[in-house]
file query33.txt (compact mmCIF, C-alpha atoms and all ligand atoms)
# COMPACT_ATOMS: atom_id res chain seq x y z
CA PRO J 1 0.05 4.63 -19.53
CA ALA J 2 -2.66 5.04 -22.17
CA PRO J 3 -3.21 2.01 -24.44
CA GLY J 4 -1.03 2.18 -27.52
CA THR J 5 1.67 4.39 -26.02
CA PRO J 6 5.20 2.93 -25.94
CA LEU J 7 5.90 1.21 -22.64
CA LEU J 8 9.11 -0.69 -23.30
CA SER J 9 11.72 0.13 -25.89
CA VAL J 10 14.68 -2.11 -26.67
CA GLN J 11 17.27 -0.39 -28.85
CA HIS J 12 20.26 -2.25 -30.35
CA ALA J 13 20.46 -4.69 -27.43
CA VAL J 14 23.55 -6.90 -27.50
CA LYS J 15 24.49 -9.65 -25.05
CA GLN J 16 27.80 -11.37 -25.40
CA PHE J 17 28.73 -14.41 -23.28
CA GLY J 18 32.45 -14.67 -23.97
CA GLY J 19 32.65 -15.52 -27.66
CA LEU J 20 28.94 -16.26 -27.96
CA ARG J 21 26.61 -13.50 -29.11
CA ALA J 22 23.37 -14.64 -27.47
CA VAL J 23 21.60 -11.41 -28.49
CA GLY J 24 22.96 -9.35 -31.36
CA ASP J 25 21.60 -5.87 -32.03
CA VAL J 26 17.92 -6.47 -31.40
CA SER J 27 15.44 -3.58 -31.34
CA PHE J 28 11.68 -3.60 -30.74
CA GLU J 29 8.98 -1.72 -28.91
CA LEU J 30 6.08 -2.79 -26.78
CA ASN J 31 2.98 -0.65 -26.45
CA ALA J 32 0.76 -0.37 -23.40
CA GLY J 33 -2.21 -2.74 -23.49
CA GLU J 34 -0.87 -5.24 -26.00
CA ILE J 35 0.29 -8.83 -25.78
CA LEU J 36 3.57 -9.11 -27.65
CA GLY J 37 4.93 -12.57 -28.38
CA LEU J 38 8.66 -13.22 -28.55
CA ILE J 39 9.21 -16.45 -30.42
CA GLY J 40 12.06 -18.36 -32.01
CA PRO J 41 13.77 -21.73 -31.96
CA ASN J 42 15.64 -23.04 -28.92
CA GLY J 43 18.78 -21.03 -28.30
CA ALA J 44 17.49 -18.02 -30.27
CA GLY J 45 18.17 -15.70 -27.32
CA LYS J 46 14.63 -15.24 -25.97
CA SER J 47 15.36 -15.94 -22.31
CA THR J 48 18.54 -13.89 -22.57
CA MET J 49 16.46 -10.99 -23.89
CA PHE J 50 14.14 -11.39 -20.88
CA ASN J 51 17.13 -11.32 -18.58
CA LEU J 52 18.38 -8.09 -20.16
CA ILE J 53 14.97 -6.44 -19.81
CA THR J 54 14.49 -7.56 -16.20
CA GLY J 55 18.02 -6.67 -15.09
CA VAL J 56 19.05 -10.25 -14.33
CA ASN J 57 21.95 -9.75 -16.76
CA PRO J 58 23.22 -6.38 -17.96
CA ALA J 59 23.33 -5.85 -21.72
CA THR J 60 26.79 -5.72 -23.28
CA SER J 61 25.56 -2.69 -25.22
CA GLY J 62 22.35 -1.04 -26.30
CA GLN J 63 19.60 0.73 -24.43
CA ILE J 64 16.39 -0.46 -22.80
CA THR J 65 13.81 2.05 -21.59
CA PHE J 66 10.68 1.31 -19.57
CA MET J 67 8.05 3.98 -18.95
CA GLY J 68 10.47 6.52 -20.38
CA GLN J 69 13.29 5.63 -17.99
CA ASP J 70 16.60 4.09 -19.02
CA ILE J 71 16.73 0.75 -17.19
CA SER J 72 19.80 -0.61 -19.01
CA ARG J 73 21.96 -0.31 -15.92
CA ARG J 74 19.34 -0.79 -13.22
CA SER J 75 19.31 -3.77 -10.87
CA ALA J 76 16.59 -6.43 -11.06
CA GLY J 77 15.06 -5.07 -7.84
CA GLN J 78 14.94 -1.51 -9.13
CA ILE J 79 13.32 -2.61 -12.39
CA HIS J 80 10.77 -4.70 -10.48
CA ARG J 81 9.86 -1.68 -8.37
CA LEU J 82 9.28 0.36 -11.51
CA GLY J 83 6.43 -2.01 -12.38
CA LEU J 84 7.89 -4.91 -14.30
CA SER J 85 7.27 -8.48 -13.05
CA ARG J 86 8.26 -11.78 -14.59
CA THR J 87 7.92 -15.52 -14.38
CA PHE J 88 10.72 -17.94 -15.26
CA GLN J 89 11.01 -20.66 -17.88
CA HIS J 90 11.27 -23.27 -15.11
CA VAL J 91 8.81 -23.20 -12.25
CA HIS J 92 10.19 -21.28 -9.23
CA LEU J 93 7.85 -22.14 -6.37
CA LEU J 94 8.28 -23.31 -2.81
CA PRO J 95 6.32 -26.60 -2.75
CA ASP J 96 6.07 -26.76 1.06
CA LEU J 97 4.44 -23.34 1.32
CA THR J 98 0.79 -22.63 0.60
CA LEU J 99 -0.45 -20.94 -2.54
CA LEU J 100 -1.11 -17.86 -0.44
CA GLU J 101 2.44 -17.79 0.96
CA ASN J 102 3.96 -18.35 -2.46
CA THR J 103 1.86 -15.54 -3.87
CA MET J 104 2.83 -13.20 -1.04
CA MET J 105 6.44 -13.61 -2.05
CA GLY J 106 5.74 -11.53 -5.11
CA GLY J 107 5.06 -8.57 -2.85
CA TYR J 108 8.60 -7.56 -2.07
CA ALA J 109 8.67 -5.31 -5.10
CA ARG J 110 6.61 -2.43 -3.86
CA GLY J 111 8.64 -1.51 -0.82
CA LYS J 112 7.88 -4.64 1.14
CA ALA J 113 10.90 -6.51 2.33
CA GLY J 114 9.81 -9.94 1.23
CA ILE J 115 7.73 -12.97 2.03
CA VAL J 116 5.92 -13.92 5.13
CA ARG J 117 6.59 -11.79 8.17
CA SER J 118 8.95 -14.21 9.92
CA LEU J 119 11.11 -14.46 6.81
CA LEU J 120 10.76 -10.91 5.69
CA HIS J 121 10.54 -8.83 8.82
CA LEU J 122 7.21 -7.36 7.79
CA GLU J 123 5.16 -5.37 10.26
CA ARG J 124 1.89 -7.06 11.17
CA GLY J 125 -0.05 -4.43 9.26
CA GLU J 126 2.10 -4.88 6.18
CA GLU J 127 1.73 -8.63 6.36
CA ALA J 128 -2.05 -8.35 6.56
CA ALA J 129 -2.13 -5.99 3.59
CA LEU J 130 0.10 -8.26 1.56
CA GLN J 131 -1.99 -11.31 2.49
CA HIS J 132 -5.13 -9.51 1.40
CA GLU J 133 -3.57 -8.53 -1.91
CA ALA J 134 -2.24 -12.07 -2.49
CA LEU J 135 -5.70 -13.53 -1.91
CA ARG J 136 -7.17 -11.02 -4.34
CA GLN J 137 -4.68 -12.07 -7.02
CA LEU J 138 -5.29 -15.78 -6.39
CA GLU J 139 -8.98 -15.15 -6.90
CA ARG J 140 -8.23 -13.14 -10.02
CA VAL J 141 -6.43 -16.10 -11.62
CA GLY J 142 -8.98 -18.65 -10.40
CA LEU J 143 -6.99 -20.24 -7.56
CA GLY J 144 -8.73 -18.55 -4.63
CA ALA J 145 -10.35 -21.74 -3.36
CA GLN J 146 -6.95 -23.42 -2.99
CA ALA J 147 -5.21 -20.55 -1.19
CA PHE J 148 -4.41 -22.65 1.87
CA THR J 149 -3.24 -25.82 0.14
CA LEU J 150 0.43 -26.52 -0.53
CA ALA J 151 1.89 -25.44 -3.85
CA GLY J 152 3.54 -28.84 -4.22
CA ASN J 153 0.11 -30.44 -4.58
CA LEU J 154 -0.77 -28.50 -7.71
CA ALA J 155 -0.71 -29.83 -11.25
CA LEU J 156 1.88 -28.17 -13.47
CA GLY J 157 -0.70 -26.01 -15.23
CA GLN J 158 -1.88 -24.61 -11.92
CA GLN J 159 1.71 -24.03 -10.78
CA ARG J 160 2.21 -21.87 -13.85
CA VAL J 161 -0.92 -19.92 -13.02
CA LEU J 162 0.24 -19.56 -9.42
CA GLU J 163 3.46 -18.01 -10.68
CA ILE J 164 1.40 -15.49 -12.61
CA ALA J 165 -0.56 -14.63 -9.44
CA ARG J 166 2.72 -14.13 -7.61
CA ALA J 167 3.96 -11.80 -10.33
CA LEU J 168 0.68 -9.85 -10.21
CA VAL J 169 0.96 -9.11 -6.49
CA ALA J 170 3.48 -6.40 -7.31
CA ASP J 171 0.78 -4.73 -9.45
CA PRO J 172 3.00 -4.73 -12.54
CA THR J 173 2.48 -2.44 -15.51
CA LEU J 174 4.29 -5.01 -17.62
CA LEU J 175 4.21 -8.76 -17.11
CA LEU J 176 6.90 -10.91 -18.74
CA LEU J 177 6.14 -14.61 -19.08
CA ASP J 178 8.85 -17.05 -20.13
CA GLU J 179 7.24 -20.10 -21.76
CA PRO J 180 4.21 -20.25 -19.45
CA ALA J 181 2.67 -23.09 -21.47
CA ALA J 182 5.73 -25.35 -21.42
CA GLY J 183 4.71 -28.86 -20.40
CA LEU J 184 1.02 -28.02 -20.12
CA ARG J 185 -1.72 -30.32 -21.35
CA TYR J 186 -4.14 -29.11 -24.01
CA GLY J 187 -6.91 -28.15 -21.58
CA GLU J 188 -4.46 -26.32 -19.33
CA LYS J 189 -3.19 -24.32 -22.31
CA ALA J 190 -6.74 -23.31 -23.22
CA GLU J 191 -7.29 -22.06 -19.66
CA LEU J 192 -4.02 -20.16 -19.73
CA ILE J 193 -5.04 -18.40 -22.94
CA ILE J 194 -8.34 -17.34 -21.37
CA LEU J 195 -6.50 -16.00 -18.32
CA LEU J 196 -3.96 -14.02 -20.35
CA ARG J 197 -6.71 -12.45 -22.46
CA LYS J 198 -8.56 -11.48 -19.30
CA LEU J 199 -5.44 -9.85 -17.85
CA ARG J 200 -4.84 -7.95 -21.08
CA ASP J 201 -8.45 -6.74 -21.03
CA GLU J 202 -7.87 -5.58 -17.46
CA GLY J 203 -5.00 -3.40 -18.62
CA VAL J 204 -1.93 -5.57 -18.01
CA THR J 205 0.61 -5.38 -20.83
CA VAL J 206 2.22 -8.75 -21.53
CA LEU J 207 5.49 -9.81 -23.15
CA LEU J 208 5.28 -13.53 -23.74
CA VAL J 209 8.10 -15.86 -24.72
CA GLU J 210 6.58 -18.94 -26.21
CA HIS J 211 7.56 -22.01 -28.08
CA ASP J 212 4.06 -23.27 -28.77
CA MET J 213 3.06 -21.66 -32.07
CA ASP J 214 -0.64 -22.45 -31.72
CA LEU J 215 -0.81 -20.75 -28.37
CA VAL J 216 1.02 -17.68 -29.62
CA MET J 217 -0.90 -17.25 -32.85
CA GLY J 218 -4.28 -17.29 -31.17
CA LEU J 219 -3.32 -14.95 -28.36
CA VAL J 220 -0.87 -12.21 -29.23
CA ASP J 221 -1.45 -8.86 -30.93
CA ARG J 222 2.02 -8.75 -32.41
CA LEU J 223 5.11 -10.94 -32.68
CA VAL J 224 8.87 -10.49 -32.69
CA VAL J 225 10.73 -13.49 -34.08
CA MET J 226 14.33 -14.18 -33.04
CA ASN J 227 16.79 -16.61 -34.54
CA TYR J 228 20.46 -17.05 -33.61
CA GLY J 229 20.29 -13.93 -31.45
CA GLU J 230 19.00 -11.71 -34.25
CA LYS J 231 15.55 -10.29 -34.91
CA LEU J 232 14.28 -12.18 -37.93
CA ALA J 233 10.83 -10.65 -38.33
CA GLU J 234 8.16 -8.60 -36.63
CA GLY J 235 4.44 -8.12 -37.24
CA SER J 236 0.96 -9.50 -36.77
CA PRO J 237 0.55 -13.27 -36.39
CA GLN J 238 -0.62 -13.42 -40.00
CA GLN J 239 2.36 -11.42 -41.30
CA VAL J 240 4.77 -13.61 -39.35
CA ARG J 241 3.09 -16.81 -40.50
CA ASP J 242 3.45 -15.66 -44.11
CA ASN J 243 7.06 -14.53 -43.75
CA ALA J 244 9.35 -16.79 -45.83
CA ASP J 245 12.39 -16.35 -43.53
CA VAL J 246 10.30 -17.32 -40.52
CA ARG J 247 8.86 -20.34 -42.23
CA GLU J 248 12.32 -21.53 -43.12
CA ALA J 249 14.01 -20.81 -39.78
CA TYR J 250 11.27 -21.57 -37.36
CA LEU J 251 8.66 -23.73 -38.90
CA GLY J 252 11.09 -25.67 -41.05
CA VAL J 253 8.91 -25.43 -44.17
P1 LIG D 301 16.16 -19.31 -25.82
O1 LIG D 301 15.53 -18.84 -24.57
O2 LIG D 301 15.69 -18.60 -27.05
O3 LIG D 301 16.04 -20.80 -26.00
P2 LIG D 301 18.63 -18.50 -24.54
O4 LIG D 301 18.49 -17.03 -24.39
O5 LIG D 301 18.38 -19.32 -23.33
O6 LIG D 301 17.73 -19.00 -25.74
O7 LIG D 301 20.08 -18.83 -25.06
C1 LIG D 301 20.67 -18.18 -26.17
C2 LIG D 301 22.09 -18.64 -26.29
O8 LIG D 301 22.86 -18.08 -25.23
C3 LIG D 301 22.26 -20.14 -26.20
O9 LIG D 301 23.29 -20.53 -27.08
C4 LIG D 301 22.67 -20.35 -24.75
O10 LIG D 301 23.44 -21.51 -24.61
C5 LIG D 301 23.48 -19.10 -24.47
N1 LIG D 301 23.43 -18.67 -23.07
C6 LIG D 301 22.33 -18.33 -22.38
N2 LIG D 301 22.64 -17.95 -21.13
C7 LIG D 301 23.98 -18.08 -21.02
C8 LIG D 301 24.92 -17.84 -19.96
N3 LIG D 301 24.52 -17.39 -18.76
N4 LIG D 301 26.22 -18.07 -20.23
C9 LIG D 301 26.62 -18.51 -21.45
N5 LIG D 301 25.80 -18.75 -22.48
C10 LIG D 301 24.49 -18.53 -22.27
MG MG D 302 14.40 -19.81 -23.11
call {"tool": "encode", "arguments": {"input": "query33.txt", "output": "structure tokens"}}
result
Amino acid sequence: PAPGTPLLSVQHAVKQFGGLRAVGDVSFELNAGEILGLIGPNGAGKSTMFNLITGVNPATSGQITFMGQDISRRSAGQIHRLGLSRTFQHVHLLPDLTLLENTMMGGYARGKAGIVRSLLHLERGEEAALQHEALRQLERVGLGAQAFTLAGNLALGQQRVLEIARALVADPTLLLLDEPAAGLRYGEKAELIILLRKLRDEGVTVLLVEHDMDLVMGLVDRLVVMNYGEKLAEGSPQQVRDNADVREAYLGV
């Protein structure tokens, strides 16, 4: 999709967990080529919104379209195959597998049955192609030299980057990152920002849930702010920083 054209559209999304309205009538759009930040205090409904978009949980009501297709009732696998990859708030890696093997696991999306051949019943040719692609993505994120070391040996910051490489193996049009900077040290955050800018410049559209305001403000093109399941504000980092409701709800000033 051409930069600036709508890629993802969330219209009146609602998610009810019993009596709790985790997401209540939230609408926003994401354009191709931008980094959109989704921010808000703990419990605001950010991860729930991610789960609605990625098909982990179905919305109670509302409509979500991706690349012009209604994905509101699609399964997580179907949505992944359409070109949407994600990482999770908590690291989901297999510590006893190598970086390469962990990265290959992201390849099930595009028709490939799964991980390494023995686990995933890949043909030899498919496995070789997936391995090649995984190596390419590890190099892209700066982890190529460690491809054959175990994921469990990595520092947290590198584990987060490895998860991004794994998500990239599916060649996503849209990459969703849930708090990728959580627990990272200052230097690791700076490296993550450089990587995300590079990916954006290479044409990957990014939806980023983040708690760290400094990271978000210096990185994103636009922000959606959630609070108590509702959309509180939307705009450029400067507009959001100057918004009185946001300052009160989120910044506490
Ligand atoms: P955030 O990611 O912004 O911190 P969440 O989306 O994780 O917020 O949570 C929003 C609200 O929904 C919270 O009150 C949380 O406890 C609740 N919630 C999230 N997932 C579930 C679930 N599977 N079942 C019940 N309540 C949930
Ligand atoms: Mg969350």
call {"tool": "closest_atom_pairs", "arguments": {"input": "query33.txt", "of": "chain J", "to": "ligand MG 302 (chain D)", "cutoff": "9 Å", "atoms": "only C-alpha atoms and all ligand atoms", "output": "CSV"}}
result
residue,atom,partner,partner_atom,distance
J:Asn42,CA,D:MG302,MG,6.8
J:Gly43,CA,D:MG302,MG,6.9
J:Ala44,CA,D:MG302,MG,8.0
J:Gly45,CA,D:MG302,MG,7.0
J:Lys46,CA,D:MG302,MG,5.4
J:Ser47,CA,D:MG302,MG,4.1
J:Thr48,CA,D:MG302,MG,7.2
J:Phe50,CA,D:MG302,MG,8.7
J:Phe88,CA,D:MG302,MG,8.9
J:Gln89,CA,D:MG302,MG,6.3
J:Asp178,CA,D:MG302,MG,6.9
J:Glu179,CA,D:MG302,MG,7.3
J:Val209,CA,D:MG302,MG,7.6
J:Glu210,CA,D:MG302,MG,8.5
J:His211,CA,D:MG302,MG,8.7
call {"tool": "write_last_selection", "arguments": {"input": "query33.txt", "atoms": "C-alpha atoms", "output": "PDB file, in the coordinates of the input"}}
result
ATOM      1  CA  ASN J  42      15.640 -23.040 -28.920  1.00  0.00           C
ATOM      2  CA  GLY J  43      18.780 -21.030 -28.300  1.00  0.00           C
ATOM      3  CA  ALA J  44      17.490 -18.020 -30.270  1.00  0.00           C
ATOM      4  CA  GLY J  45      18.170 -15.700 -27.320  1.00  0.00           C
ATOM      5  CA  LYS J  46      14.630 -15.240 -25.970  1.00  0.00           C
ATOM      6  CA  SER J  47      15.360 -15.940 -22.310  1.00  0.00           C
ATOM      7  CA  THR J  48      18.540 -13.890 -22.570  1.00  0.00           C
ATOM      8  CA  PHE J  50      14.140 -11.390 -20.880  1.00  0.00           C
ATOM      9  CA  PHE J  88      10.720 -17.940 -15.260  1.00  0.00           C
ATOM     10  CA  GLN J  89      11.010 -20.660 -17.880  1.00  0.00           C
ATOM     11  CA  ASP J 178       8.850 -17.050 -20.130  1.00  0.00           C
ATOM     12  CA  GLU J 179       7.240 -20.100 -21.760  1.00  0.00           C
ATOM     13  CA  VAL J 209       8.100 -15.860 -24.720  1.00  0.00           C
ATOM     14  CA  GLU J 210       6.580 -18.940 -26.210  1.00  0.00           C
ATOM     15  CA  HIS J 211       7.560 -22.010 -28.080  1.00  0.00           C
TER      16      HIS J 211
END
call {"tool": "closest_residue", "arguments": {"input": "query33.txt", "among": "J:Leu52, J:Val14, J:Val206, J:Ile71", "to": "Ala32 (chain J)", "atoms": "all atoms listed in the file"}}
result
J:Val206
call {"tool": "atom_distance", "arguments": {"input": "query33.txt", "atom1": "CA of Val224 (chain J)", "atom2": "CA of Leu174 (chain J)"}}
result
16.7 Å
call {"tool": "closest_residue", "arguments": {"input": "query33.txt", "among": "J:Arg140, J:Lys198, J:His90, J:His12", "to": "ligand LIG 301 (chain D)", "atoms": "only C-alpha atoms and all ligand atoms"}}
result
J:His90
call {"tool": "atom_distance", "arguments": {"input": "query33.txt", "atom1": "CA of Pro237 (chain J)", "atom2": "CA of Gln11 (chain J)"}}
result
22.4 Å
call {"tool": "closest_residue", "arguments": {"input": "query33.txt", "among": "J:Leu135, J:Ile53, J:Val161, J:Leu176", "to": "Ser85 (chain J)", "atoms": "all atoms listed in the file"}}
result
J:Leu176
call {"tool": "closest_residue", "arguments": {"input": "query33.txt", "among": "J:Met105, J:Ala22, J:Met49, J:Leu175", "to": "Arg200 (chain J)", "atoms": "all atoms listed in the file"}}
result
J:Leu175
call {"tool": "closest_residue", "arguments": {"input": "query33.txt", "among": "J:Gly19, J:Pro3, J:Gly203, J:Gly152", "to": "ligand LIG 301 (chain D)", "atoms": "all atoms listed in the file"}}
result
J:Gly19
call {"tool": "closest_residue", "arguments": {"input": "query33.txt", "among": "J:Arg247, J:Lys189, J:Lys231, J:Arg124", "to": "ligand LIG 301 (chain D)", "atoms": "all atoms listed in the file"}}
result
J:Lys231
call {"tool": "residues_near_point", "arguments": {"input": "query33.txt", "point": "(16.5, -3.2, -16.4)", "cutoff": "9 Å", "atoms": "only C-alpha atoms", "output": "MDAnalysis selection string"}}
result
chainID J and resid 51:58 64:66 70:80
call {"tool": "write_last_selection", "arguments": {"input": "query33.txt", "atoms": "C-alpha atoms", "output": "short mmCIF file (atom, residue, chain, number, x, y, z; two decimals), keeping the file's coordinate frame"}}
result
data_model
loop_
_atom_site.label_atom_id
_atom_site.label_comp_id
_atom_site.auth_asym_id
_atom_site.auth_seq_id
_atom_site.Cartn_x
_atom_site.Cartn_y
_atom_site.Cartn_z
CA ASN J 51 17.13 -11.32 -18.58
CA LEU J 52 18.38 -8.09 -20.16
CA ILE J 53 14.97 -6.44 -19.81
CA THR J 54 14.49 -7.56 -16.20
CA GLY J 55 18.02 -6.67 -15.09
CA VAL J 56 19.05 -10.25 -14.33
CA ASN J 57 21.95 -9.75 -16.76
CA PRO J 58 23.22 -6.38 -17.96
CA ILE J 64 16.39 -0.46 -22.80
CA THR J 65 13.81 2.05 -21.59
CA PHE J 66 10.68 1.31 -19.57
CA ASP J 70 16.60 4.09 -19.02
CA ILE J 71 16.73 0.75 -17.19
CA SER J 72 19.80 -0.61 -19.01
CA ARG J 73 21.96 -0.31 -15.92
CA ARG J 74 19.34 -0.79 -13.22
CA SER J 75 19.31 -3.77 -10.87
CA ALA J 76 16.59 -6.43 -11.06
CA GLY J 77 15.06 -5.07 -7.84
CA GLN J 78 14.94 -1.51 -9.13
CA ILE J 79 13.32 -2.61 -12.39
CA HIS J 80 10.77 -4.70 -10.48
#
call {"tool": "atom_distance", "arguments": {"input": "query33.txt", "atom1": "CA of Phe28 (chain J)", "atom2": "CA of Leu207 (chain J)"}}
result
11.6 Å
call {"tool": "residues_around", "arguments": {"input": "query33.txt", "residues": "Lys15 (chain J)", "least_positions_apart": "5", "cutoff": "7 Å", "atoms": "only C-alpha atoms", "output": "ChimeraX atom specification"}}
result
/J:21-24,59-60
call {"tool": "residues_around", "arguments": {"input": "query33.txt", "residues": "Asn102 (chain J)", "least_positions_apart": "5", "cutoff": "10 Å", "atoms": "only C-alpha atoms", "output": "ChimeraX atom specification"}}
result
/J:92-97,107,115-116,134,147,150-151,162-163,165-166
call {"tool": "axis_aligned_box", "arguments": {"input": "query33.txt", "around": "ligand LIG 301 (chain D)", "padding_each_side": "4 Å", "output": "AutoDock Vina command-line options"}}
result
--center_x 21.1 --center_y -19.3 --center_z -22.9 --size_x 19.1 --size_y 12.5 --size_z 16.3
call {"tool": "residues_around", "arguments": {"input": "query33.txt", "residues": "Leu36 (chain J)", "least_positions_apart": "2", "cutoff": "10 Å", "atoms": "all atoms listed in the file", "output": "list of chain:residue names"}}
result
J:Glu29, J:Leu30, J:Asn31, J:Gly33, J:Glu34, J:Leu38, J:Ile39, J:Leu176, J:Thr205, J:Val206, J:Leu207, J:Leu208, J:Val209, J:Val216, J:Leu219, J:Val220, J:Asp221, J:Arg222, J:Leu223, J:Val224, J:Gly235, J:Ser236
call {"tool": "decode", "arguments": {"input": "query33.txt", "residues": "region 161-185 of chain J", "atoms": "N, CA and C atoms", "output": "compact mmCIF listing (two decimals), in the first residue's frame"}}
result
# COMPACT_ATOMS: atom_id res chain seq x y z
N VAL J 161 14.55 -7.59 20.61
CA VAL J 161 14.90 -7.41 19.20
C VAL J 161 14.72 -8.73 18.44
N LEU J 162 15.08 -9.82 19.10
CA LEU J 162 14.89 -11.14 18.48
C LEU J 162 13.40 -11.37 18.18
N GLU J 163 12.55 -10.97 19.08
CA GLU J 163 11.12 -11.13 18.84
C GLU J 163 10.66 -10.32 17.63
N ILE J 164 11.29 -9.18 17.43
CA ILE J 164 10.95 -8.37 16.25
C ILE J 164 11.41 -9.10 14.98
N ALA J 165 12.62 -9.67 15.02
CA ALA J 165 13.11 -10.44 13.87
C ALA J 165 12.14 -11.58 13.55
N ARG J 166 11.68 -12.25 14.59
CA ARG J 166 10.75 -13.37 14.38
C ARG J 166 9.46 -12.89 13.73
N ALA J 167 8.98 -11.73 14.18
CA ALA J 167 7.76 -11.19 13.58
C ALA J 167 7.99 -10.78 12.12
N LEU J 168 9.21 -10.35 11.81
CA LEU J 168 9.50 -9.87 10.45
C LEU J 168 9.62 -11.00 9.43
N VAL J 169 9.89 -12.21 9.91
CA VAL J 169 10.05 -13.33 8.99
C VAL J 169 8.79 -13.55 8.14
N ALA J 170 7.65 -13.21 8.67
CA ALA J 170 6.41 -13.37 7.92
C ALA J 170 6.22 -12.25 6.90
N ASP J 171 7.19 -11.35 6.80
CA ASP J 171 7.12 -10.22 5.86
C ASP J 171 5.85 -9.40 6.07
N PRO J 172 5.63 -8.93 7.30
CA PRO J 172 4.37 -8.26 7.60
C PRO J 172 4.25 -6.88 6.95
N THR J 173 3.05 -6.53 6.59
CA THR J 173 2.75 -5.17 6.15
C THR J 173 2.61 -4.27 7.37
N LEU J 174 2.09 -4.86 8.43
CA LEU J 174 1.89 -4.13 9.69
C LEU J 174 2.49 -4.93 10.84
N LEU J 175 3.29 -4.23 11.63
CA LEU J 175 3.96 -4.85 12.77
C LEU J 175 3.38 -4.23 14.05
N LEU J 176 2.87 -5.06 14.94
CA LEU J 176 2.33 -4.57 16.21
C LEU J 176 3.27 -4.97 17.32
N LEU J 177 3.70 -3.98 18.10
CA LEU J 177 4.66 -4.24 19.17
C LEU J 177 4.03 -3.84 20.50
N ASP J 178 3.95 -4.80 21.42
CA ASP J 178 3.34 -4.52 22.72
C ASP J 178 4.44 -4.29 23.76
N GLU J 179 4.64 -3.03 24.10
CA GLU J 179 5.65 -2.62 25.09
C GLU J 179 7.03 -3.22 24.83
N PRO J 180 7.60 -2.95 23.65
CA PRO J 180 8.90 -3.56 23.33
C PRO J 180 10.04 -3.04 24.20
N ALA J 181 9.85 -1.89 24.85
CA ALA J 181 10.93 -1.31 25.64
C ALA J 181 10.82 -1.66 27.13
N ALA J 182 9.80 -2.43 27.48
CA ALA J 182 9.58 -2.73 28.90
C ALA J 182 10.79 -3.45 29.48
N GLY J 183 11.32 -2.91 30.55
CA GLY J 183 12.45 -3.53 31.25
C GLY J 183 13.81 -3.27 30.63
N LEU J 184 13.84 -2.51 29.52
CA LEU J 184 15.12 -2.27 28.87
C LEU J 184 15.91 -1.15 29.56
N ARG J 185 17.24 -1.28 29.48
CA ARG J 185 18.11 -0.24 29.99
C ARG J 185 18.16 0.90 28.98
